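Quick look at data-v3.txt (compact mmCIF, C-alpha atoms):
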# COMPACT_ATOMS: atom_id res chain seq x y z
CA MET A 29 190.09 129.25 18.47
CA ARG A 30 192.99 130.37 16.27
CA GLN A 31 194.92 132.37 18.82
CA PRO A 32 198.64 132.97 19.32
CA LYS A 33 200.41 130.65 21.72
CA ALA A 34 200.90 133.55 24.14
CA VAL A 35 197.13 133.93 24.45
CA TRP A 36 196.63 130.25 25.19
CA ALA A 37 199.45 130.31 27.73
CA THR A 38 197.88 133.27 29.57
CA ALA A 39 194.39 131.76 29.36
CA GLY A 40 195.66 128.44 30.70
CA ALA A 41 197.33 130.13 33.63
CA SER A 42 194.08 132.04 34.21
CA VAL A 43 192.20 128.76 34.53
CA VAL A 44 194.58 127.64 37.28
CA ALA A 45 194.40 131.04 38.99
CA PHE A 46 190.62 130.85 39.21
CA MET A 47 190.82 127.22 40.30
CA GLY A 48 192.61 128.50 43.38
CA ILE A 49 189.47 130.30 44.59
CA GLY A 50 187.39 127.15 45.02
CA LEU A 51 190.23 124.68 45.45
CA VAL A 52 189.88 124.46 49.22
CA ASP A 53 186.08 124.15 49.19
CA PRO A 54 185.75 120.34 49.29
CA ILE A 55 188.67 119.90 51.71
CA LEU A 56 187.67 122.49 54.33
CA PRO A 57 186.41 119.78 56.72
CA SER A 58 189.55 117.72 56.06
CA ILE A 59 191.78 120.71 56.79
CA ALA A 60 189.86 121.38 60.00
CA LYS A 61 190.35 117.77 61.07
CA GLY A 62 194.01 117.63 60.00
CA LEU A 63 194.96 120.82 61.82
CA ASP A 64 192.55 120.37 64.74
CA ALA A 65 190.78 123.64 63.87
CA THR A 66 187.20 124.92 64.08
CA PRO A 67 185.12 125.80 61.00
CA SER A 68 185.47 129.52 61.75
CA GLN A 69 189.26 129.18 61.94
CA VAL A 70 189.48 127.25 58.66
CA SER A 71 187.15 129.74 56.96
CA LEU A 72 189.85 132.35 57.53
CA LEU A 73 191.53 130.76 54.49
CA PHE A 74 189.01 132.71 52.42
CA THR A 75 189.06 135.78 54.67
CA SER A 76 192.83 136.30 54.49
CA TYR A 77 192.85 135.55 50.75
CA PHE A 78 190.16 138.08 49.84
CA LEU A 79 191.17 140.71 52.37
CA ILE A 80 194.58 140.90 50.74
CA THR A 81 192.92 140.76 47.31
CA ALA A 82 190.75 143.77 48.21
CA VAL A 83 193.70 145.88 49.34
CA ALA A 84 195.77 144.71 46.36
CA MET A 85 193.18 146.24 44.01
CA LEU A 86 194.68 149.61 44.86
CA VAL A 87 198.17 148.34 44.05
CA THR A 88 197.84 146.27 40.88
CA GLY A 89 197.19 149.20 38.53
CA PHE A 90 199.99 151.16 40.18
CA VAL A 91 202.39 148.25 39.61
CA SER A 92 201.37 147.22 36.09
CA SER A 93 201.41 150.80 34.77
CA ARG A 94 205.05 151.03 35.84
CA ILE A 95 206.63 147.64 35.14
CA GLY A 96 204.37 146.39 32.34
CA GLY A 97 201.86 143.57 31.94
CA LYS A 98 204.24 140.64 31.45
CA LYS A 99 206.35 141.41 34.51
CA THR A 100 203.20 141.90 36.60
CA LEU A 101 201.84 138.53 35.46
CA LEU A 102 205.11 136.81 36.28
CA ALA A 103 205.37 138.48 39.67
CA GLY A 104 201.86 137.30 40.52
CA LEU A 105 202.54 133.76 39.32
CA ALA A 106 205.78 133.58 41.28
CA LEU A 107 204.02 134.63 44.48
CA VAL A 108 201.29 132.03 43.95
CA VAL A 109 203.86 129.27 43.35
CA VAL A 110 205.77 130.15 46.52
CA PHE A 111 202.80 130.65 48.85
CA ALA A 112 200.73 127.74 47.52
CA ALA A 113 203.70 125.43 48.10
CA LEU A 114 204.25 126.87 51.57
CA ALA A 115 200.55 126.38 52.34
CA GLY A 116 201.00 122.68 51.72
CA THR A 117 203.71 122.55 54.38
CA SER A 118 201.63 124.26 57.09
CA ASN A 119 201.57 122.72 60.55
CA SER A 120 198.94 125.04 62.01
CA VAL A 121 195.86 126.85 60.78
CA GLY A 122 197.59 130.16 61.52
CA GLU A 123 200.43 129.33 59.13
CA LEU A 124 197.99 128.19 56.47
CA VAL A 125 195.93 131.39 56.77
CA GLY A 126 199.08 133.49 56.47
CA PHE A 127 200.33 131.66 53.40
CA ARG A 128 196.88 131.90 51.84
CA ALA A 129 197.10 135.69 52.26
CA GLY A 130 200.34 135.76 50.27
CA TRP A 131 198.66 133.59 47.67
CA GLY A 132 195.87 136.18 47.44
CA LEU A 133 198.35 138.95 46.69
CA GLY A 134 199.91 136.93 43.89
CA ASN A 135 196.53 136.00 42.46
CA ALA A 136 195.39 139.64 42.52
CA LEU A 137 198.47 140.75 40.57
CA PHE A 138 197.95 137.99 38.02
CA VAL A 139 194.22 138.03 37.35
CA SER A 140 193.91 141.80 37.36
CA THR A 141 196.38 141.91 34.46
CA ALA A 142 195.59 138.73 32.53
CA LEU A 143 192.61 139.97 30.51
CA ALA A 144 194.40 143.12 29.40
CA VAL A 145 197.26 140.94 28.18
CA ILE A 146 194.87 138.54 26.42
CA VAL A 147 193.03 141.43 24.72
CA GLY A 148 196.31 142.95 23.61
CA ALA A 149 197.67 139.71 22.14
CA ALA A 150 194.53 137.97 20.83
CA ALA A 151 193.38 137.64 17.24
CA GLY A 152 189.76 138.35 16.34
CA GLY A 153 189.13 141.46 18.38
CA SER A 154 188.36 142.16 22.01
CA ALA A 155 185.02 140.31 21.97
CA ALA A 156 186.73 137.00 21.17
CA ALA A 157 189.44 137.68 23.73
CA ILE A 158 186.99 138.50 26.49
CA LEU A 159 184.91 135.40 25.71
CA LEU A 160 188.06 133.31 25.98
CA TYR A 161 188.90 134.89 29.33
CA GLU A 162 185.37 134.44 30.70
CA SER A 163 185.49 130.81 29.59
CA ALA A 164 188.79 130.36 31.42
CA LEU A 165 187.20 131.87 34.51
CA GLY A 166 184.22 129.54 34.38
CA LEU A 167 186.39 126.49 33.71
CA GLY A 168 188.63 127.38 36.63
CA MET A 169 185.73 127.89 39.02
CA ALA A 170 184.26 124.56 37.97
CA CYS A 171 187.48 122.55 38.07
CA GLY A 172 188.93 124.00 41.25
CA PRO A 173 186.68 122.06 43.61
CA LEU A 174 187.10 118.92 41.49
CA LEU A 175 190.89 119.09 41.65
CA GLY A 176 190.69 119.86 45.34
CA ALA A 177 188.53 116.79 45.87
CA ILE A 178 190.70 114.40 43.87
CA LEU A 179 193.98 115.45 45.45
CA GLY A 180 192.49 116.24 48.84
CA ASP A 181 190.98 112.80 49.16
CA MET A 182 194.55 111.46 49.31
CA LYS A 183 195.83 114.17 51.64
CA TRP A 184 194.62 117.70 52.33
CA ARG A 185 198.07 119.11 51.55
CA TYR A 186 198.21 117.82 47.98
CA PRO A 187 195.86 120.40 46.33
CA PHE A 188 198.22 123.17 47.43
CA PHE A 189 201.26 121.42 45.96
CA GLY A 190 199.28 120.67 42.79
CA THR A 191 198.37 124.33 42.35
CA ALA A 192 201.98 125.38 42.86
CA ALA A 193 203.13 122.92 40.18
CA LEU A 194 200.50 124.04 37.66
CA MET A 195 201.27 127.72 38.23
CA ALA A 196 204.99 127.02 37.80
CA ILE A 197 204.18 125.53 34.38
CA GLY A 198 202.17 128.68 33.61
CA PHE A 199 205.15 130.84 34.66
CA ILE A 200 207.45 128.98 32.26
CA ALA A 201 204.93 129.16 29.41
CA ILE A 202 204.33 132.90 29.79
CA THR A 203 208.06 133.58 30.11
CA ALA A 204 208.73 131.75 26.87
CA LEU A 205 205.70 132.72 24.78
CA LEU A 206 204.49 136.17 25.83
CA LYS A 207 206.16 139.33 24.58
CA GLU A 208 206.20 142.42 26.80
CA GLN A 209 203.01 144.46 26.47
CA PRO A 210 202.96 148.25 25.90
CA ARG A 211 202.71 150.23 29.13
CA PRO A 212 199.74 152.60 29.64
CA ALA A 213 200.31 156.18 28.57
CA ARG A 214 199.37 157.40 32.05
CA LYS A 215 200.61 155.90 35.29
CA THR A 216 197.93 154.98 37.83
CA SER A 217 198.22 156.37 41.35
CA LEU A 218 197.23 154.48 44.49
CA LEU A 219 194.37 156.91 45.19
CA ASP A 220 192.80 156.94 41.70
CA PRO A 221 190.44 154.00 42.45
CA ILE A 222 189.23 155.67 45.66
CA LYS A 223 188.62 158.94 43.84
CA ALA A 224 186.62 157.09 41.17
CA LEU A 225 184.14 155.98 43.84
CA GLY A 226 183.03 159.60 44.10
CA HIS A 227 180.83 158.89 41.08
CA GLY A 228 177.33 158.06 42.33
CA GLY A 229 176.70 155.26 39.85
CA LEU A 230 179.98 153.49 40.53
CA ALA A 231 179.55 153.87 44.29
CA SER A 232 176.03 152.41 44.03
CA ALA A 233 177.24 149.45 41.98
CA ALA A 234 180.04 148.82 44.48
CA ALA A 235 177.67 149.03 47.46
CA SER A 236 175.20 146.60 45.88
CA ALA A 237 178.02 144.24 44.93
CA PHE A 238 179.31 144.36 48.50
CA PHE A 239 176.07 142.83 49.82
CA TYR A 240 175.88 140.41 46.90
CA ASN A 241 179.40 139.15 47.55
CA TYR A 242 178.53 138.49 51.16
CA ALA A 243 175.78 136.15 49.94
CA PHE A 244 178.01 134.61 47.27
CA PHE A 245 180.83 133.71 49.63
CA THR A 246 178.52 132.40 52.29
CA VAL A 247 177.66 129.74 49.72
CA LEU A 248 181.25 129.13 48.71
CA ALA A 249 182.91 129.08 52.15
CA PHE A 250 180.22 127.97 54.61
CA THR A 251 178.13 125.45 52.68
CA PRO A 252 180.81 122.69 52.65
CA PHE A 253 180.49 122.45 56.44
CA VAL A 254 176.71 122.28 56.20
CA LEU A 255 176.70 119.58 53.53
CA ASN A 256 179.33 117.61 55.50
CA MET A 257 180.20 115.33 52.59
CA SER A 258 183.35 113.49 51.58
CA PRO A 259 185.84 115.49 49.46
CA TYR A 260 184.75 113.62 46.33
CA LYS A 261 181.05 114.26 46.84
CA SER A 262 181.58 117.87 47.86
CA GLY A 263 183.85 118.39 44.86
CA GLY A 264 181.17 116.95 42.60
CA VAL A 265 178.56 119.33 44.00
CA PHE A 266 180.75 122.37 43.50
CA PHE A 267 181.84 121.18 40.07
CA ALA A 268 178.19 121.18 39.01
CA TRP A 269 177.83 124.57 40.71
CA GLY A 270 180.80 125.90 38.72
CA VAL A 271 179.45 124.56 35.43
CA LEU A 272 176.17 126.42 35.98
CA LEU A 273 178.12 129.54 36.95
CA ALA A 274 180.13 129.37 33.72
CA VAL A 275 177.13 128.68 31.47
CA PHE A 276 174.98 131.45 32.93
CA SER A 277 177.86 133.92 33.03
CA VAL A 278 179.07 133.42 29.45
CA LEU A 279 175.96 132.25 27.56
CA VAL A 280 172.77 133.11 29.42
CA ALA A 281 173.51 136.54 30.92
CA PRO A 282 174.09 138.32 27.57
CA ARG A 283 170.82 136.98 26.16
CA LEU A 284 168.80 137.98 29.20
CA GLN A 285 170.36 141.44 29.17
CA LYS A 286 169.25 141.95 25.57
CA LEU A 287 165.72 140.86 26.44
CA PHE A 288 165.16 142.63 29.77
CA GLY A 289 168.00 145.09 30.35
CA SER A 290 170.89 144.88 32.80
CA LEU A 291 169.18 146.33 35.87
CA LYS A 292 166.11 144.09 35.68
CA VAL A 293 168.28 141.01 35.22
CA LEU A 294 170.47 142.02 38.14
CA GLY A 295 167.63 142.85 40.54
CA GLY A 296 165.69 139.71 39.66
CA SER A 297 168.72 137.48 39.96
CA LEU A 298 169.59 138.89 43.40
CA VAL A 299 166.05 138.23 44.67
CA LEU A 300 166.14 134.68 43.27
CA LEU A 301 169.50 134.11 44.95
CA ALA A 302 167.99 135.24 48.26
CA ALA A 303 165.13 132.76 47.85
CA ASP A 304 167.58 130.00 46.96
CA LEU A 305 169.61 130.72 50.11
CA ILE A 306 166.52 130.35 52.30
CA VAL A 307 165.78 126.99 50.67
CA LEU A 308 169.43 125.97 51.16
CA GLY A 309 169.33 126.92 54.83
CA TYR A 310 166.05 125.25 55.75
CA GLY A 311 165.81 122.31 53.35
CA ASN A 312 166.84 118.73 54.01
CA HIS A 313 170.21 117.46 52.84
CA ALA A 314 169.13 116.62 49.29
CA THR A 315 167.39 119.98 48.96
CA ALA A 316 170.48 121.78 50.27
CA VAL A 317 172.63 120.03 47.65
CA ALA A 318 170.21 121.03 44.87
CA ALA A 319 170.00 124.62 46.13
CA THR A 320 173.80 124.87 46.33
CA ILE A 321 174.13 123.78 42.70
CA ALA A 322 171.28 126.06 41.58
CA SER A 323 172.92 129.07 43.21
CA GLY A 324 175.64 128.84 40.57
CA ALA A 325 173.15 130.03 37.95
CA PHE A 326 172.25 133.20 39.86
CA ILE A 327 175.86 133.85 40.81
CA GLY A 328 176.90 133.54 37.17
CA LEU A 329 174.28 136.09 36.10
CA ASN A 330 175.21 138.49 38.87
CA ASN A 331 178.94 138.27 38.25
CA THR A 332 178.63 139.19 34.59
CA VAL A 333 176.11 142.01 34.99
CA PHE A 334 177.83 143.56 38.02
CA THR A 335 181.18 143.66 36.25
CA GLU A 336 179.76 145.22 33.10
CA LEU A 337 177.71 147.70 35.09
CA ALA A 338 180.68 148.82 37.17
CA LEU A 339 182.87 149.29 34.11
CA GLY A 340 180.28 151.20 32.08
CA VAL A 341 178.42 153.35 34.56
CA SER A 342 181.05 156.04 35.16
CA ASP A 343 183.42 158.04 33.01
CA ALA A 344 186.51 156.85 34.90
CA PRO A 345 189.04 154.77 32.96
CA ARG A 346 188.02 151.14 33.12
CA PRO A 347 191.06 149.91 35.06
CA VAL A 348 190.53 152.63 37.65
CA ALA A 349 186.75 152.12 37.93
CA SER A 350 187.21 148.38 38.21
CA ALA A 351 189.84 148.70 40.93
CA GLY A 352 187.65 151.00 43.02
CA TYR A 353 184.59 148.82 42.59
CA ASN A 354 186.43 145.64 43.49
CA PHE A 355 188.22 147.27 46.41
CA VAL A 356 184.78 147.65 48.01
CA ARG A 357 183.17 144.35 47.09
CA TRP A 358 186.06 142.06 48.01
CA PHE A 359 185.81 143.16 51.62
CA ALA A 360 182.47 141.34 51.75
CA ALA A 361 184.12 138.24 50.27
CA ALA A 362 186.56 138.44 53.17
CA ALA A 363 183.84 139.02 55.78
CA ALA A 364 181.37 136.27 54.87
CA PRO A 365 183.65 133.24 55.45
CA TYR A 366 184.48 134.57 58.92
CA PHE A 367 181.05 135.69 60.07
CA ALA A 368 178.94 132.80 58.73
CA PRO A 369 180.45 130.18 61.10
CA LYS A 370 180.41 132.70 63.94
CA ILE A 371 176.72 133.40 63.37
CA GLU A 372 176.06 129.66 63.48
CA GLU A 373 177.90 129.45 66.82
CA TRP A 374 175.80 132.31 68.18
CA SER A 375 172.48 130.99 66.85
CA ASN A 376 171.91 127.90 64.69
CA ILE A 377 172.83 126.49 61.31
CA HIS A 378 169.93 128.21 59.51
CA ILE A 379 170.62 131.83 60.44
CA PRO A 380 173.84 132.33 58.38
CA PHE A 381 171.79 131.67 55.26
CA VAL A 382 169.05 134.03 56.42
CA VAL A 383 171.67 136.76 56.88
CA ALA A 384 173.09 136.01 53.43
CA ALA A 385 169.59 136.16 51.92
CA VAL A 386 168.99 139.53 53.57
CA ALA A 387 172.30 140.75 52.13
CA ALA A 388 171.22 139.70 48.62
CA VAL A 389 167.90 141.53 49.05
CA LEU A 390 169.74 144.64 50.23
CA GLY A 391 171.83 144.45 47.08
CA ALA A 392 168.66 144.32 44.99
CA LEU A 393 167.16 147.27 46.92
CA ILE A 394 170.22 149.38 46.19
CA VAL A 395 169.86 148.58 42.49
CA TRP A 396 166.19 149.64 42.60
CA VAL A 397 166.61 152.77 44.74
CA ARG A 398 169.67 153.96 42.82
CA ARG A 399 168.44 152.89 39.39
CA ALA A 400 168.58 156.45 38.05
CA SER A 401 172.29 156.77 38.75
CA LEU A 402 172.90 153.23 37.50
CA THR A 403 170.95 153.67 34.27
CA HIS A 404 173.65 155.73 32.55
CA GLU A 405 174.95 153.37 29.85
CA ALA A 406 173.73 150.32 31.81
CA GLU A 407 171.00 149.41 29.35
CA GLU A 408 173.35 150.02 26.41
CA LEU A 409 176.17 147.80 27.61
CA GLN A 410 177.46 145.26 25.18
CA PRO A 411 178.13 142.11 27.22
CA ALA A 412 180.95 140.95 24.99
CA HIS A 413 182.94 144.10 25.79
CA ALA A 414 182.56 144.00 29.51
CA SER A 415 186.06 143.98 30.87
CA GLU A 416 188.61 145.35 28.47
CA ASP A 417 190.68 146.64 31.36
CA GLY A 418 191.93 143.24 32.38
CA VAL A 419 189.64 142.82 35.33
CA SER A 420 186.72 140.57 35.08
CA VAL A 421 184.26 138.76 37.23
CA PHE A 422 186.55 137.62 39.97
CA ALA A 423 189.67 139.46 39.78
CA ASN A 424 189.62 142.75 39.15

Could you write out this file's structure as structure tokens?
Amino acid sequence: MRQPKAVWATAGASVVAFMGIGLVDPILPSIAKGLDATPSQVSLLFTSYFLITAVAMLVTGFVSSRIGGKKTLLAGLALVVVFAALAGTSNSVGELVGFRAGWGLGNALFVSTALAVIVGAAAGGSAAAILLYESALGLGMACGPLLGAILGDMKWRYPFFGTAALMAIGFIAITALLKEQPRPARKTSLLDPIKALGHGGLASAAASAFFYNYAFFTVLAFTPFVLNMSPYKSGGVFFAWGVLLAVFSVLVAPRLQKLFGSLKVLGGSLVLLAADLIVLGYGNHATAVAATIASGAFIGLNNTVFTELALGVSDAPRPVASAGYNFVRWFAAAAAPYFAPKIEEWSNIHIPFVVAAVAAVLGALIVWVRRASLTHEAEELQPAHASEDGVSVFAN
């Protein structure tokens, strides 16, 4: 807990950055009503955000290795402030989707650099720094829907203005408290992350994570329409979901890995997530609420193990391996919010969850079939040292 002010400033801004991912969850129906849009149109808020995030994975290392960590953080924060504020002024769903894309670029620049900055400035070693960062991530994922519900209950535009204000405070704090970080000895090229995917283990981890992320973001982006609750109630559900995600990511996953090994934990958690999605899709309303909250536990486990696996399975530098891995998996995060409502339109409300469950099972099958290429270092990973490159569960 005894950390320099610069570390707390970066960690605090990280909380807000991760809040932005789930901020719109409880107000998706309100946005649809306010802008006279369909669920599939409103879900493009996630699609544009994560599509830009995926592409930005190839850019963040290139930028930060040239201008330094502090300037990259500030550039990302500035973009979030501008585009989050503009999102609150939107008069059409098209404008909102476009501004959300700009927000995604800023968030990618910030979160892909934040952990490296925290590790470089923190006292107590990298393990303490990474734990602090993972805690910020979990807190942000839990509080995002809650803030969205509180502000969105007054007006759907207010969560966007609130995020812009909080990120502006983070910008000022980092400007004042954080010293410039040393630049990497070697500059990263735009193609380095793509080349890293030539490693069989990293490619296998990325492919499995692609299918997992489709399942994950079906829960995050499509479930609010299925639950059809008020912003407060929906925010409460996803707050509980985020708390489970944080607890299982930071506290439970490392213990299970020590007991069973990373691959067994990952495969089992993906299968359990698939079962949970079937229950969510076919249960009554109360069951769907419980299954939504429970999915946070499996998502927390998967996030931690996938990140550690991707960063340890190849001999590529961690920033490069992480960028390549996340370049692949974030495309699924962009696809799920768009296709889930479309699948419902083409079939019924149950089938999007069946598709997501199948995706989770496919992710588990890849882990099992490719276990030989994934075993290199996977069972020896130390959970506390998962993401020293500055890219963790969501951002990377």

**Request:** Please identify all polymer residues lying at most 10 Å from the point (179.4, 133.8, 60.3) (file coordinates), using only C-alpha atoms, and present the result as a list in words.
**Result:**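 Checked against the point, the hits come out as Pro67, Ser68, Ser71, Thr246, Phe250, Ala363, Ala364, Pro365, Tyr366, Phe367, Ala368, Pro369, Lys370, Ile371, Glu372, Glu373, Trp374, Ser375, Ile377, Ile379, Pro380, Phe381, Val383 and Ala384 of chain A.
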
**Request:** Would you list the contacts of Ala338 in chain A as number ranges by chain, taking every protein, DNA or RNA residue within 7 Å and counting only C-alpha atoms, but skipping same-chain residues closer than 2 positions in sequence?
**Result:** A: 230, 233, 334-336, 340-341, 349-350, 353

**Asked** For Gly126 in chain A, which residue out of A:Ala387, A:Ile80, A:Ala103, A:Val293 is the nearest one, using all atoms listed in the file?
**Response**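 Using all atoms listed in the file, the shortest distance to Gly126 in chain A belongs to A:Ile80.
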
**Asked** Excluding same-chain residues fewer than 3 positions from range 86-93 of chain A, what lies within 7 Å of it counting all atoms listed in the file, as a ChimeraX atom specification?
**Response** /A:83,96-97,100,137,140,211-212,215-218,221,351

**Request:** Quote the spacing between CA of Ala281 in chain A and CA of Ala302 in chain A in Å to one decimal place.
**Result:**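 Rounded to one decimal, the two atoms are 18.2 Å apart.
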
**Asked** So which residues touch Val389 in chain A within 12 Å, counting only C-alpha atoms, skipping near sequence neighbours fewer than 3 positions away, as number ranges by chain?
**Response** A: 236-243, 294-306, 382-386, 392-396

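Nearest to Arg346 in chain A of all the residues A:Leu79, A:Ala224, A:Ile55, A:Ala60 is A:Ala224, based on only C-alpha atoms.
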
**Asked** Mind pulling up the distance from CA of Glu208 in chain A to CA of Leu102 in chain A?
**Response**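 Straight-line distance from CA of Leu102 in chain A to CA of Glu208 in chain A works out to 11.1 Å.
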
**Asked** Taking into account only C-alpha atoms, which residue in the set A:Ala361, A:Ile321, A:Leu101, A:Leu124 is nearest to Thr203 in chain A?
**Response**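 Looking at the shortest contact to Thr203 in chain A, the residue is A:Leu101.
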
**Prompt:** So how far away is CA of Leu402 in chain A from CA of Met169 in chain A, in Å?
**Reply:** 28.4 Å

**Nearest to Val108 in chain A by atom-to-atom distance, counting all atoms listed in the file, from A:Gly190, A:Gly328, A:Gly166, A:Gly289** =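 Residue with the minimum atom-to-atom distance to Val108 in chain A: A:Gly190.
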
**Asked** Which residue out of A:Ala249, A:Leu337, A:Val280, A:Val139 has the minimum interatomic distance to Leu51 in chain A when only C-alpha atoms are used?
**Response** A:Ala249

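Remark: for Ala82 in chain A, the closest of the candidate residues A:Leu287, A:Ala204, A:Ile327, A:Ala136 is A:Ala136 (distances computed over only C-alpha atoms).
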